[in-house]
>>> print(open('input.cif').read())   # mmCIF, C-alpha atoms and all ligand atoms
data_model
#
loop_
_atom_site.label_atom_id
_atom_site.label_comp_id
_atom_site.auth_asym_id
_atom_site.auth_seq_id
_atom_site.Cartn_x
_atom_site.Cartn_y
_atom_site.Cartn_z
CA MET A 1 -25.82 -85.74 18.66
CA ARG A 2 -25.36 -85.79 22.46
CA LYS A 3 -21.82 -84.80 23.39
CA ILE A 4 -20.33 -87.21 25.91
CA ALA A 5 -16.85 -86.55 27.24
CA LEU A 6 -14.63 -88.97 29.12
CA ILE A 7 -11.79 -87.33 31.05
CA THR A 8 -8.93 -89.36 32.49
CA GLY A 9 -7.00 -87.58 35.26
CA ILE A 10 -10.19 -85.65 36.03
CA ASN A 11 -9.06 -84.91 39.60
CA GLY A 12 -5.95 -83.08 38.43
CA GLN A 13 -5.45 -79.40 37.60
CA ASP A 14 -6.37 -79.63 33.91
CA GLY A 15 -9.12 -82.21 34.44
CA SER A 16 -10.93 -79.89 36.84
CA TYR A 17 -10.86 -76.88 34.48
CA LEU A 18 -11.92 -78.97 31.49
CA THR A 19 -14.83 -80.45 33.46
CA GLU A 20 -16.14 -76.94 34.15
CA LEU A 21 -15.75 -75.88 30.51
CA LEU A 22 -17.51 -78.95 29.12
CA LEU A 23 -20.39 -78.77 31.61
CA GLU A 24 -20.87 -75.12 30.59
CA LYS A 25 -21.03 -76.28 26.98
CA GLY A 26 -23.76 -78.79 27.86
CA TYR A 27 -21.69 -82.00 27.66
CA ASP A 28 -22.34 -85.10 29.73
CA VAL A 29 -19.08 -85.52 31.64
CA HIS A 30 -17.62 -88.83 32.79
CA GLY A 31 -14.33 -89.10 34.61
CA ILE A 32 -11.86 -91.77 35.67
CA ASP A 33 -11.02 -91.48 39.34
CA ARG A 34 -7.92 -93.30 40.55
CA ARG A 35 -8.45 -94.86 43.95
CA SER A 36 -6.36 -93.35 46.74
CA SER A 37 -6.28 -93.77 50.51
CA GLN A 38 -7.71 -90.29 50.97
CA PHE A 39 -10.62 -88.63 49.21
CA ASN A 40 -8.88 -86.77 46.36
CA ARG A 41 -11.75 -85.07 44.53
CA GLY A 42 -11.09 -81.67 46.12
CA ARG A 43 -10.73 -79.86 42.78
CA ILE A 44 -14.02 -81.17 41.32
CA GLU A 45 -16.36 -82.03 44.18
CA ASP A 46 -18.20 -78.67 44.30
CA THR A 47 -18.63 -78.73 40.52
CA ARG A 48 -20.05 -82.25 40.74
CA GLN A 49 -22.60 -81.32 43.39
CA GLU A 50 -23.69 -78.24 41.41
CA ALA A 51 -23.97 -80.22 38.15
CA GLN A 52 -26.11 -82.83 39.88
CA LYS A 53 -28.41 -80.11 41.29
CA ARG A 54 -28.88 -78.79 37.75
CA GLY A 55 -29.67 -82.32 36.57
CA GLN A 56 -26.56 -82.55 34.38
CA VAL A 57 -24.75 -85.84 33.86
CA PHE A 58 -21.44 -85.88 35.73
CA GLU A 59 -20.32 -89.41 36.62
CA LEU A 60 -17.09 -90.68 38.15
CA TYR A 61 -15.78 -94.24 37.81
CA TYR A 62 -12.99 -95.87 39.72
CA GLY A 63 -10.34 -96.92 37.24
CA ASP A 64 -6.71 -96.70 36.27
CA ILE A 65 -5.14 -96.41 32.83
CA SER A 66 -2.66 -99.13 33.78
CA ASP A 67 -5.66 -101.50 34.15
CA PHE A 68 -7.05 -102.40 30.72
CA SER A 69 -10.13 -104.09 32.18
CA SER A 70 -11.18 -100.91 33.98
CA ILE A 71 -10.76 -98.86 30.79
CA CYS A 72 -12.89 -101.30 28.77
CA ARG A 73 -15.63 -101.33 31.41
CA ILE A 74 -15.76 -97.54 31.58
CA PHE A 75 -15.70 -97.08 27.79
CA SER A 76 -18.56 -99.48 27.26
CA ASN A 77 -20.57 -97.88 30.11
CA CYS A 78 -20.33 -94.28 29.06
CA LYS A 79 -19.84 -94.49 25.25
CA PRO A 80 -17.84 -91.26 24.93
CA THR A 81 -17.83 -89.09 21.82
CA GLU A 82 -14.68 -87.26 23.00
CA ILE A 83 -11.88 -88.59 25.20
CA TYR A 84 -9.37 -86.29 26.92
CA ASN A 85 -6.38 -88.15 28.34
CA PHE A 86 -4.76 -86.24 31.22
CA ALA A 87 -3.91 -89.28 33.35
CA SER A 88 -0.20 -89.27 33.96
CA GLN A 89 2.61 -89.44 36.47
CA SER A 90 3.10 -85.79 35.67
CA HIS A 91 6.18 -84.84 37.72
CA VAL A 92 9.42 -84.77 35.71
CA ALA A 93 11.80 -85.08 38.69
CA ILE A 94 9.78 -87.94 40.20
CA SER A 95 9.94 -89.81 36.88
CA PHE A 96 13.64 -90.45 37.67
CA GLU A 97 12.54 -92.08 40.95
CA GLU A 98 9.73 -94.14 39.34
CA PRO A 99 10.82 -94.69 35.72
CA ALA A 100 9.00 -97.98 35.12
CA HIS A 101 5.73 -96.80 36.65
CA THR A 102 5.97 -93.53 34.70
CA THR A 103 6.48 -95.48 31.47
CA ASP A 104 3.61 -97.84 32.16
CA VAL A 105 1.15 -95.00 32.76
CA ASN A 106 2.43 -92.26 30.44
CA ALA A 107 3.30 -94.50 27.47
CA ASN A 108 1.49 -97.86 27.71
CA GLY A 109 -1.54 -96.24 29.33
CA VAL A 110 -2.10 -94.25 26.14
CA LEU A 111 -1.81 -97.37 24.00
CA ARG A 112 -4.41 -99.09 26.21
CA LEU A 113 -6.80 -96.17 25.78
CA LEU A 114 -6.38 -96.16 22.00
CA GLU A 115 -6.93 -99.92 21.79
CA ALA A 116 -10.03 -99.73 24.00
CA MET A 117 -11.25 -96.91 21.78
CA ARG A 118 -11.07 -99.11 18.67
CA TYR A 119 -13.33 -101.72 20.25
CA PHE A 120 -15.65 -99.87 22.62
CA ALA A 121 -15.94 -96.22 21.65
CA VAL A 122 -18.71 -94.96 19.38
CA GLU A 123 -17.98 -94.40 15.69
CA GLY A 124 -16.21 -91.07 15.16
CA CYS A 125 -15.08 -90.70 18.78
CA ARG A 126 -12.24 -88.15 19.08
CA PHE A 127 -9.14 -88.36 21.27
CA TYR A 128 -6.98 -85.68 22.91
CA GLN A 129 -3.54 -86.57 24.27
CA ALA A 130 -1.87 -84.35 26.87
CA SER A 131 1.55 -84.09 25.28
CA THR A 132 4.30 -81.83 26.52
CA SER A 133 7.19 -79.47 25.80
CA GLU A 134 9.33 -82.06 27.61
CA LEU A 135 9.44 -83.89 24.25
CA PHE A 136 11.89 -81.19 23.14
CA GLY A 137 14.15 -81.45 26.22
CA ASN A 138 17.50 -80.56 24.79
CA ALA A 139 16.23 -79.47 21.36
CA PRO A 140 18.86 -77.57 19.37
CA GLU A 141 16.60 -74.55 18.76
CA THR A 142 14.54 -72.01 20.68
CA PRO A 143 11.66 -71.31 20.33
CA GLN A 144 10.35 -74.76 19.43
CA ASN A 145 7.47 -75.42 17.06
CA GLU A 146 5.73 -78.55 15.71
CA ASN A 147 8.70 -79.25 13.41
CA SER A 148 11.47 -78.90 16.01
CA PRO A 149 13.45 -82.08 16.71
CA PHE A 150 12.61 -84.06 19.83
CA HIS A 151 15.25 -84.86 22.43
CA PRO A 152 13.55 -85.79 25.71
CA ARG A 153 15.72 -85.69 28.82
CA SER A 154 13.77 -87.66 31.43
CA PRO A 155 11.80 -90.90 31.77
CA TYR A 156 8.73 -88.62 31.77
CA GLY A 157 9.70 -87.04 28.43
CA VAL A 158 10.64 -90.37 26.82
CA ALA A 159 7.32 -91.98 27.86
CA LYS A 160 5.39 -88.97 26.54
CA LEU A 161 7.32 -89.23 23.27
CA TYR A 162 6.11 -92.82 22.83
CA ALA A 163 2.58 -91.58 23.54
CA TYR A 164 2.96 -88.80 20.97
CA TRP A 165 4.03 -91.26 18.26
CA ILE A 166 1.42 -93.90 19.04
CA VAL A 167 -1.31 -91.25 18.84
CA LYS A 168 0.05 -90.09 15.49
CA ASN A 169 0.27 -93.71 14.26
CA TYR A 170 -3.30 -94.55 15.26
CA ARG A 171 -4.43 -91.40 13.49
CA GLU A 172 -2.58 -92.31 10.30
CA HIS A 173 -3.18 -96.07 10.39
CA TYR A 174 -6.76 -96.35 11.70
CA GLY A 175 -8.03 -92.89 10.73
CA ILE A 176 -8.89 -92.04 14.36
CA HIS A 177 -9.41 -88.34 15.03
CA ALA A 178 -6.60 -88.01 17.58
CA CYS A 179 -4.60 -84.88 18.50
CA ASN A 180 -1.45 -84.23 20.50
CA GLY A 181 -1.50 -80.92 22.38
CA ILE A 182 2.21 -80.18 22.94
CA LEU A 183 1.68 -77.95 25.93
CA TYR A 184 4.28 -75.88 27.73
CA ASN A 185 4.00 -75.34 31.50
CA HIS A 186 0.60 -74.11 32.55
CA GLU A 187 -0.20 -73.14 36.09
CA SER A 188 -3.04 -71.91 38.28
CA PRO A 189 -4.08 -71.78 41.92
CA ARG A 190 -5.05 -75.47 41.40
CA ARG A 191 -1.50 -76.54 40.47
CA GLY A 192 -0.06 -79.43 42.54
CA GLU A 193 2.05 -78.20 45.47
CA ASN A 194 5.30 -79.84 44.32
CA PHE A 195 5.55 -78.01 40.97
CA VAL A 196 7.81 -75.01 41.32
CA THR A 197 5.29 -72.16 40.86
CA ARG A 198 2.81 -73.47 43.40
CA LYS A 199 5.59 -74.56 45.73
CA ILE A 200 6.74 -70.93 45.77
CA THR A 201 3.34 -69.31 46.32
CA TYR A 202 2.17 -71.90 48.86
CA SER A 203 5.43 -71.75 50.84
CA LEU A 204 5.61 -67.94 50.82
CA ALA A 205 2.02 -67.78 52.11
CA ARG A 206 2.94 -70.21 54.90
CA ILE A 207 6.10 -68.25 55.76
CA LYS A 208 4.02 -65.07 55.91
CA ALA A 209 1.62 -66.78 58.34
CA GLY A 210 4.53 -68.03 60.52
CA ARG A 211 3.82 -71.67 59.63
CA GLN A 212 7.09 -72.32 57.75
CA ASP A 213 10.59 -70.84 58.02
CA VAL A 214 12.25 -71.29 54.64
CA LEU A 215 11.43 -72.17 51.02
CA LYS A 216 14.01 -74.64 49.65
CA LEU A 217 14.48 -74.83 45.88
CA GLY A 218 16.80 -76.27 43.22
CA ASN A 219 17.99 -74.27 40.19
CA ILE A 220 16.38 -70.85 40.47
CA ASP A 221 17.90 -69.71 37.17
CA ALA A 222 15.94 -72.38 35.26
CA GLN A 223 13.60 -70.81 32.70
CA ARG A 224 10.12 -71.85 31.69
CA ASP A 225 7.34 -70.69 29.38
CA TRP A 226 4.49 -70.40 31.90
CA GLY A 227 0.85 -69.85 30.90
CA PHE A 228 -2.52 -69.96 32.64
CA ALA A 229 -4.07 -73.46 32.71
CA LYS A 230 -7.68 -72.32 32.25
CA GLU A 231 -6.82 -70.72 28.89
CA TYR A 232 -4.90 -73.79 27.73
CA ILE A 233 -7.96 -75.96 28.34
CA GLU A 234 -9.99 -74.00 25.79
CA VAL A 235 -7.57 -74.83 23.01
CA MET A 236 -7.68 -78.57 23.79
CA TRP A 237 -11.42 -78.48 23.19
CA LYS A 238 -10.89 -76.46 19.97
CA MET A 239 -8.47 -79.13 18.69
CA LEU A 240 -11.19 -81.78 18.95
CA GLN A 241 -13.81 -79.57 17.26
CA ASN A 242 -11.60 -78.96 14.22
CA GLU A 243 -12.45 -81.26 11.31
CA GLN A 244 -8.80 -82.11 10.71
CA ALA A 245 -7.00 -83.87 13.57
CA ASP A 246 -3.48 -82.52 14.09
CA ASP A 247 -0.76 -81.74 16.64
CA TYR A 248 -0.21 -78.26 18.08
CA VAL A 249 2.35 -76.46 20.22
CA ILE A 250 0.60 -74.42 22.92
CA ALA A 251 2.68 -71.79 24.73
CA THR A 252 2.98 -68.09 25.53
CA GLY A 253 6.25 -67.58 23.61
CA GLU A 254 7.87 -65.89 26.66
CA THR A 255 10.20 -67.37 29.24
CA HIS A 256 10.95 -66.31 32.78
CA THR A 257 13.29 -67.63 35.43
CA VAL A 258 12.24 -69.25 38.68
CA ARG A 259 14.06 -66.33 40.35
CA GLU A 260 11.76 -63.81 38.63
CA PHE A 261 8.76 -65.81 39.79
CA ILE A 262 10.03 -65.71 43.41
CA GLU A 263 10.74 -61.97 43.25
CA LYS A 264 7.28 -61.09 41.91
CA ALA A 265 5.46 -63.46 44.26
CA SER A 266 7.37 -62.34 47.34
CA ALA A 267 6.64 -58.66 46.58
CA ILE A 268 2.90 -59.48 46.39
CA ALA A 269 3.17 -61.38 49.69
CA GLY A 270 4.74 -58.28 51.28
CA PHE A 271 8.39 -59.39 51.42
CA ASP A 272 11.30 -57.31 50.11
CA ILE A 273 13.74 -59.95 48.91
CA GLU A 274 17.47 -59.45 48.29
CA TRP A 275 19.89 -62.15 47.13
CA GLU A 276 23.25 -62.93 48.71
CA GLY A 277 25.87 -65.63 48.04
CA LYS A 278 26.35 -67.79 44.96
CA GLY A 279 25.40 -71.30 43.80
CA VAL A 280 24.35 -73.67 46.58
CA GLU A 281 25.18 -70.95 49.10
CA GLU A 282 22.79 -68.42 47.59
CA LYS A 283 20.02 -67.19 49.88
CA GLY A 284 17.06 -64.84 49.65
CA ARG A 285 16.70 -62.50 52.62
CA ASP A 286 13.64 -60.43 53.44
CA LYS A 287 15.07 -56.94 54.01
CA LYS A 288 12.12 -55.94 56.20
CA SER A 289 12.52 -58.70 58.81
CA GLY A 290 16.15 -59.65 58.10
CA ASN A 291 15.04 -63.33 57.86
CA ILE A 292 16.35 -65.79 55.28
CA ILE A 293 13.25 -67.00 53.42
CA VAL A 294 14.77 -68.80 50.37
CA GLU A 295 17.60 -71.34 50.34
CA ILE A 296 19.07 -73.65 47.70
CA ASP A 297 18.87 -77.39 48.26
CA PRO A 298 20.78 -79.50 45.69
CA LYS A 299 18.21 -82.26 46.31
CA PHE A 300 15.94 -80.34 43.91
CA TYR A 301 18.53 -79.98 41.12
CA ARG A 302 17.71 -81.70 37.79
CA PRO A 303 20.11 -83.06 35.20
CA GLU A 304 21.46 -80.12 33.19
CA GLU A 305 18.67 -78.15 31.47
CA LYS A 306 20.60 -76.65 28.55
CA THR A 307 17.87 -75.63 26.15
CA ILE A 308 15.49 -72.82 26.92
CA LEU A 309 12.01 -74.31 26.59
CA CYS A 310 9.97 -71.64 24.89
CA GLY A 311 7.14 -72.42 22.49
CA ASP A 312 6.00 -70.92 19.21
CA ALA A 313 2.21 -71.36 19.13
CA SER A 314 1.64 -69.62 15.80
CA LYS A 315 0.04 -72.72 14.22
CA ALA A 316 -2.62 -72.83 16.98
CA LYS A 317 -3.25 -69.12 16.42
CA ARG A 318 -3.53 -69.53 12.65
CA VAL A 319 -5.62 -72.71 12.52
CA LEU A 320 -7.61 -72.62 15.77
CA GLY A 321 -7.72 -68.86 16.41
CA TRP A 322 -6.22 -69.32 19.87
CA LYS A 323 -3.79 -67.11 21.75
CA PRO A 324 -3.03 -66.71 25.46
CA LYS A 325 -4.21 -63.57 27.27
CA THR A 326 -2.96 -63.80 30.86
CA THR A 327 0.50 -62.26 31.35
CA PHE A 328 3.25 -63.73 33.51
CA GLY A 329 2.73 -60.94 36.08
CA GLN A 330 -1.03 -61.60 36.25
CA LEU A 331 -0.45 -65.34 36.66
CA VAL A 332 1.97 -64.85 39.57
CA GLU A 333 -0.40 -62.38 41.22
CA MET A 334 -3.40 -64.71 40.83
CA MET A 335 -1.51 -67.66 42.33
CA MET A 336 0.10 -65.70 45.18
CA LYS A 337 -3.18 -64.05 46.21
CA ALA A 338 -5.03 -67.38 46.10
CA ASP A 339 -2.49 -68.99 48.45
CA LEU A 340 -2.46 -66.02 50.83
CA GLU A 341 -6.26 -66.39 51.04
CA LEU A 342 -6.06 -70.16 51.40
CA ILE A 343 -3.59 -70.03 54.29
CA ASP A 344 -5.46 -67.14 55.88
CA SER A 345 -8.70 -69.13 55.77
CA GLY A 346 -7.01 -71.93 57.75
CA LYS A 347 -8.38 -74.59 55.33
P1 LIG B 401 -1.94 -83.42 37.46
O1 LIG B 401 -2.59 -82.30 38.21
O2 LIG B 401 -0.77 -84.11 38.05
O3 LIG B 401 -3.09 -84.51 37.12
C1 LIG B 401 -2.78 -85.79 36.65
C2 LIG B 401 -3.99 -86.67 36.90
O4 LIG B 401 -3.70 -88.00 36.43
C3 LIG B 401 -4.36 -86.83 38.38
O5 LIG B 401 -5.76 -86.68 38.52
C4 LIG B 401 -3.96 -88.25 38.70
O6 LIG B 401 -4.76 -88.88 39.67
C5 LIG B 401 -4.20 -88.92 37.37
N1 LIG B 401 -3.48 -90.19 37.23
C6 LIG B 401 -2.18 -90.46 37.48
N2 LIG B 401 -1.90 -91.74 37.21
C7 LIG B 401 -3.06 -92.31 36.78
C8 LIG B 401 -3.42 -93.61 36.36
N3 LIG B 401 -2.53 -94.60 36.33
N4 LIG B 401 -4.70 -93.84 35.97
C9 LIG B 401 -5.63 -92.85 36.03
N5 LIG B 401 -5.34 -91.59 36.43
C10 LIG B 401 -4.07 -91.33 36.80
O7 LIG B 401 -1.50 -82.93 36.01
P2 LIG B 401 -2.02 -81.67 35.15
O8 LIG B 401 -1.13 -80.51 35.41
O9 LIG B 401 -3.48 -81.54 35.30
O10 LIG B 401 -1.64 -82.15 33.68
C11 LIG B 401 -2.57 -82.89 32.91
C12 LIG B 401 -1.82 -83.68 31.85
O11 LIG B 401 -1.09 -82.78 31.02
C13 LIG B 401 -0.80 -84.68 32.36
O12 LIG B 401 -0.82 -85.79 31.50
C14 LIG B 401 0.53 -83.95 32.25
O13 LIG B 401 1.58 -84.88 32.08
C15 LIG B 401 0.29 -83.14 30.99
N6 LIG B 401 1.00 -81.87 30.91
C16 LIG B 401 0.90 -80.96 31.91
C17 LIG B 401 1.52 -79.74 31.77
C18 LIG B 401 1.41 -78.68 32.85
O14 LIG B 401 2.21 -77.74 32.81
N7 LIG B 401 0.43 -78.76 33.72
C19 LIG B 401 2.25 -79.44 30.60
C20 LIG B 401 2.31 -80.40 29.60
C21 LIG B 401 1.67 -81.61 29.75
P3 LIG B 401 -4.68 -88.44 41.23
O15 LIG B 401 -5.51 -87.20 41.31
O16 LIG B 401 -5.24 -89.60 41.89
O17 LIG B 401 -3.24 -88.20 41.54
O1 LIG B 402 9.78 -77.38 37.28
C1 LIG B 402 12.93 -75.85 38.43
C2 LIG B 402 13.05 -77.18 37.70
O2 LIG B 402 8.47 -79.22 38.34
C3 LIG B 402 9.97 -76.19 36.56
C4 LIG B 402 4.94 -80.58 34.43
O3 LIG B 402 3.62 -80.08 34.42
O4 LIG B 402 5.72 -78.88 32.90
C5 LIG B 402 5.90 -79.43 34.20
O5 LIG B 402 7.22 -79.94 34.34
C6 LIG B 402 11.41 -75.73 36.68
C7 LIG B 402 12.43 -76.82 36.35
O6 LIG B 402 7.79 -78.29 36.09
C8 LIG B 402 12.56 -76.56 41.97
O7 LIG B 402 14.40 -77.60 37.61
C9 LIG B 402 13.82 -75.32 40.71
O8 LIG B 402 13.42 -76.24 35.54
O9 LIG B 402 7.41 -76.94 38.08
P1 LIG B 402 8.32 -77.98 37.55
P2 LIG B 402 8.44 -79.05 34.84
O10 LIG B 402 9.50 -79.98 35.26
O11 LIG B 402 8.79 -78.03 33.83
C10 LIG B 402 5.93 -79.81 31.82
C11 LIG B 402 5.66 -79.07 30.53
C12 LIG B 402 5.16 -81.06 31.98
O12 LIG B 402 4.80 -81.69 31.01
C13 LIG B 402 5.09 -81.65 33.35
O13 LIG B 402 3.97 -82.54 33.47
O14 LIG B 402 11.67 -75.35 38.03
N1 LIG B 402 12.97 -75.97 39.90
N2 LIG B 402 13.60 -75.68 41.98
C14 LIG B 402 12.15 -76.74 40.64
N3 LIG B 402 11.13 -77.55 40.31
C15 LIG B 402 10.48 -78.17 41.31
N4 LIG B 402 9.42 -78.98 41.01
N5 LIG B 402 10.85 -78.05 42.62
C16 LIG B 402 11.89 -77.24 43.01
O15 LIG B 402 12.19 -77.13 44.18
#
>>> encode(input="input.cif", output="C-alpha cells")
Amino acid sequence: MRKIALITGINGQDGSYLTELLLEKGYDVHGIDRRSSQFNRGRIEDTRQEAQKRGQVFELYYGDISDFSSICRIFSNCKPTEIYNFASQSHVAISFEEPAHTTDVNANGVLRLLEAMRYFAVEGCRFYQASTSELFGNAPETPQNENSPFHPRSPYGVAKLYAYWIVKNYREHYGIHACNGILYNHESPRRGENFVTRKITYSLARIKAGRQDVLKLGNIDAQRDWGFAKEYIEVMWKMLQNEQADDYVIATGETHTVREFIEKASAIAGFDIEWEGKGVEEKGRDKKSGNIIVEIDPKFYRPEEKTILCGDASKAKRVLGWKPKTTFGQLVEMMMKADLELIDSGK
C-alpha cells in the first residue's frame, strides 16, 4: 500500500525533520501550512524543491487546525494513511498571554483532527499526537514515566492534557490507531529563537559578532531533560509502525540547568564566563573582555517550577527499541556552532 503522510505544523522544527525522514522512506508527504504575512517555509523549502526534482510527492496546503472546513478539505484531498499532529501554540510562557487561543489550537484542534479522521481518512489510518512532558508539570515524582500522575502548570499543559485524553478515548472508543508521544524538550539548530536553548546560542553568536550586547534570561537554575530533535522524530514514526497503538515517554533521562547550557555554549563561542551577584542581580561576565554578556530579566520568570522534569523512556526502549544517542554536550556544541556559522554567513 502507498504510504501517505499528512503533517500538521510541517513548517516547525519537528515537522521539518519528519518530512525529511518520511521522504527518505519513500512516503508521499502532505503538509498543512498556516498562512502568515511572511513566507515561513524556511525549514522545508529546500527539501521541497529537491523532492520535486526527484519526482516525489510533497504537497503543501493552506489550512489551520482551528478551521474544521480546511481540515476536511485537506483530508479528503490527500487521503492520508498516517497523520502526525505537530500543529500547536508551542510556547509555554506565551500560553499565559494567549490562553484561549492556545486551548483552541492545542486541545480543540486535536478533537477536530480526530473527528475529520473518522469521516474522511482511509480505513486504518494512524494518528500521532505531539504530547509533552508539560503534562507532568508539578508531578510528585522524578523521573516521570507513563504511569506518573499528571499535574499541568500552564494553559499549554492543560490544553495538551485534554488532547492526550481525547486521543486515548478515540483509541479506546473507536478503535483508531492513535498514539501520544509524551516528549521531553528536544532541540536542534532549527529550534525557534524564543526557546531557551536557541535563544542562548543565537544571542551568544550575535554578541560575538558585535550585533548584540547582552543576553537576558529568566530562571537560569531551571532544569530540563534536553534531547536532539532529529532522534526524537524517529521514535514517532516507530510508534505508528507498531501494531499496538500506545503512549510513550520519550526523554534522555538526564537533566541539566540553563546555567550549564550557557556555560558550555559560551565556552564554544570563545567566551570565558564567570558569575557575579545573586538572584535578579546575577550577571555573567566574559573574563577575556570584561563585558557583561548575561543578565537576569524577571520578565522571563515562570510560575514556580518545583518538579524536576526528567523522563524515564524505558518503555520506548523495551517496546520500540529506541534510545537517544546524542549527549547534552554534543547537542550544545551542534547548536552553538550552527549559530556561529549562521551569523557569520550574514543570512
Ligand atoms: P514549533 O517549531 O513551534 O512548530 C509548531 C508548528 O505548528 C508551526 O509550524 C506552526 O505554524 C504550526 N501551527 C501553530 N498553530 C497552528 C494552527 N492553528 N494550525 C496549523 N498549524 C499551526 O514546535 P516543535 O518544536 O516543532 O514541536 C512540535 C509539536 O511538539 C508541538 O505540538 C509542540 O507543542 C510539541 N512538543 C514539542 C516539544 C519540543 O521540545 N520541541 C516537546 C514536547 C512537545 P507556523 O510555522 O506558521 O508558526
Ligand atoms: O524553557 C527557562 C524556563 O521555553 C525551558 C516547548 O517545546 O518543551 C518546551 O517548553 C526552561 C524553562 O521550553 C528563559 O523557565 C529561563 O524552565 O525553552 P523553554 P519549555 O517551557 O520547557 C516542552 C516539553 C514543550 O512541550 C513545549 O512545546 O528555560 N528559561 N530563561 C527560559 N525560557 C525561555 N523561553 N526564555 C528565557 O529567557
>>> residues_around(input="input.cif", residues="range 172-180 of chain A", least_positions_apart="6", cutoff="6 Å", atoms="only C-alpha atoms", output="PyMOL selection string")
chain A and resi 126-129+131+245-247
>>> write_last_selection(input="input.cif", atoms="C-alpha atoms", output="PDB file, in the coordinates of the input")
ATOM      1  CA  ARG A 126     -12.240 -88.150  19.080  1.00  0.00           C
ATOM      2  CA  PHE A 127      -9.140 -88.360  21.270  1.00  0.00           C
ATOM      3  CA  TYR A 128      -6.980 -85.680  22.910  1.00  0.00           C
ATOM      4  CA  GLN A 129      -3.540 -86.570  24.270  1.00  0.00           C
ATOM      5  CA  SER A 131       1.550 -84.090  25.280  1.00  0.00           C
ATOM      6  CA  ALA A 245      -7.000 -83.870  13.570  1.00  0.00           C
ATOM      7  CA  ASP A 246      -3.480 -82.520  14.090  1.00  0.00           C
ATOM      8  CA  ASP A 247      -0.760 -81.740  16.640  1.00  0.00           C
TER       9      ASP A 247
END
>>> closest_residue(input="input.cif", among="A:Arg191, A:Lys168, A:Arg73, A:Arg48", to="Gln13 in chain A", atoms="all atoms listed in the file")
A:Arg191
>>> closest_residue(input="input.cif", among="A:Lys160, A:Lys216, A:Arg54, A:Arg41", to="Thr132 in chain A", atoms="all atoms listed in the file")
A:Lys160
>>> residues_near_ligand(input="input.cif", ligand="ligand LIG 402 (chain B)", cutoff="6 Å", atoms="only C-alpha atoms and all ligand atoms", output="list in words")
Ser90, His91, Val92, Thr132, Ser133, Glu134, Tyr184, Asn185, Asn194, Phe195, Val196, Thr197, Leu217, Gly218, Asn219, Ile220, Ala222, Phe300, Tyr301 and Arg302 of chain A
>>> closest_residue(input="input.cif", among="A:Asn11, A:Thr255, A:Ser69, A:Asn77", to="ligand LIG 401 (chain B)", atoms="only C-alpha atoms and all ligand atoms")
A:Asn11
>>> residues_near_ligand(input="input.cif", ligand="ligand LIG 401 (chain B)", cutoff="9 Å", atoms="only C-alpha atoms and all ligand atoms", output="PyMOL selection string")
chain A and resi 8-17+32-36+40-41+62-67+85-92+101-102+104-106+109+129-134+156+160+181-188+190-192+195+226-227+229
>>> write_last_selection(input="input.cif", atoms="C-alpha atoms", output="CSV table (one decimal), keeping the file's coordinate frame")
chain,number,residue,atom,x,y,z
A,8,THR,CA,-8.9,-89.4,32.5
A,9,GLY,CA,-7.0,-87.6,35.3
A,10,ILE,CA,-10.2,-85.6,36.0
A,11,ASN,CA,-9.1,-84.9,39.6
A,12,GLY,CA,-6.0,-83.1,38.4
A,13,GLN,CA,-5.4,-79.4,37.6
A,14,ASP,CA,-6.4,-79.6,33.9
A,15,GLY,CA,-9.1,-82.2,34.4
A,16,SER,CA,-10.9,-79.9,36.8
A,17,TYR,CA,-10.9,-76.9,34.5
A,32,ILE,CA,-11.9,-91.8,35.7
A,33,ASP,CA,-11.0,-91.5,39.3
A,34,ARG,CA,-7.9,-93.3,40.6
A,35,ARG,CA,-8.4,-94.9,44.0
A,36,SER,CA,-6.4,-93.4,46.7
A,40,ASN,CA,-8.9,-86.8,46.4
A,41,ARG,CA,-11.8,-85.1,44.5
A,62,TYR,CA,-13.0,-95.9,39.7
A,63,GLY,CA,-10.3,-96.9,37.2
A,64,ASP,CA,-6.7,-96.7,36.3
A,65,ILE,CA,-5.1,-96.4,32.8
A,66,SER,CA,-2.7,-99.1,33.8
A,67,ASP,CA,-5.7,-101.5,34.2
A,85,ASN,CA,-6.4,-88.2,28.3
A,86,PHE,CA,-4.8,-86.2,31.2
A,87,ALA,CA,-3.9,-89.3,33.4
A,88,SER,CA,-0.2,-89.3,34.0
A,89,GLN,CA,2.6,-89.4,36.5
A,90,SER,CA,3.1,-85.8,35.7
A,91,HIS,CA,6.2,-84.8,37.7
A,92,VAL,CA,9.4,-84.8,35.7
A,101,HIS,CA,5.7,-96.8,36.6
A,102,THR,CA,6.0,-93.5,34.7
A,104,ASP,CA,3.6,-97.8,32.2
A,105,VAL,CA,1.2,-95.0,32.8
A,106,ASN,CA,2.4,-92.3,30.4
A,109,GLY,CA,-1.5,-96.2,29.3
A,129,GLN,CA,-3.5,-86.6,24.3
A,130,ALA,CA,-1.9,-84.4,26.9
A,131,SER,CA,1.6,-84.1,25.3
A,132,THR,CA,4.3,-81.8,26.5
A,133,SER,CA,7.2,-79.5,25.8
A,134,GLU,CA,9.3,-82.1,27.6
A,156,TYR,CA,8.7,-88.6,31.8
A,160,LYS,CA,5.4,-89.0,26.5
A,181,GLY,CA,-1.5,-80.9,22.4
A,182,ILE,CA,2.2,-80.2,22.9
A,183,LEU,CA,1.7,-78.0,25.9
A,184,TYR,CA,4.3,-75.9,27.7
A,185,ASN,CA,4.0,-75.3,31.5
A,186,HIS,CA,0.6,-74.1,32.6
A,187,GLU,CA,-0.2,-73.1,36.1
A,188,SER,CA,-3.0,-71.9,38.3
A,190,ARG,CA,-5.0,-75.5,41.4
A,191,ARG,CA,-1.5,-76.5,40.5
A,192,GLY,CA,-0.1,-79.4,42.5
A,195,PHE,CA,5.6,-78.0,41.0
A,226,TRP,CA,4.5,-70.4,31.9
A,227,GLY,CA,0.8,-69.8,30.9
A,229,ALA,CA,-4.1,-73.5,32.7
>>> residues_around(input="input.cif", residues="Phe68 in chain A", least_positions_apart="6", cutoff="8 Å", atoms="only C-alpha atoms", output="PyMOL selection string")
chain A and resi 112-113+116
>>> atom_distance(input="input.cif", atom1="CA of Val122 in chain A", atom2="CA of Ile74 in chain A")
12.8 Å
>>> closest_residue(input="input.cif", among="A:Pro80, A:Met1, A:Ala269, A:Ala121", to="Arg206 in chain A", atoms="all atoms listed in the file")
A:Ala269
>>> atom_distance(input="input.cif", atom1="CA of Arg198 in chain A", atom2="CA of Ile292 in chain A")
19.6 Å
>>> atom_distance(input="input.cif", atom1="CA of Phe58 in chain A", atom2="CA of Ala5 in chain A")
9.7 Å
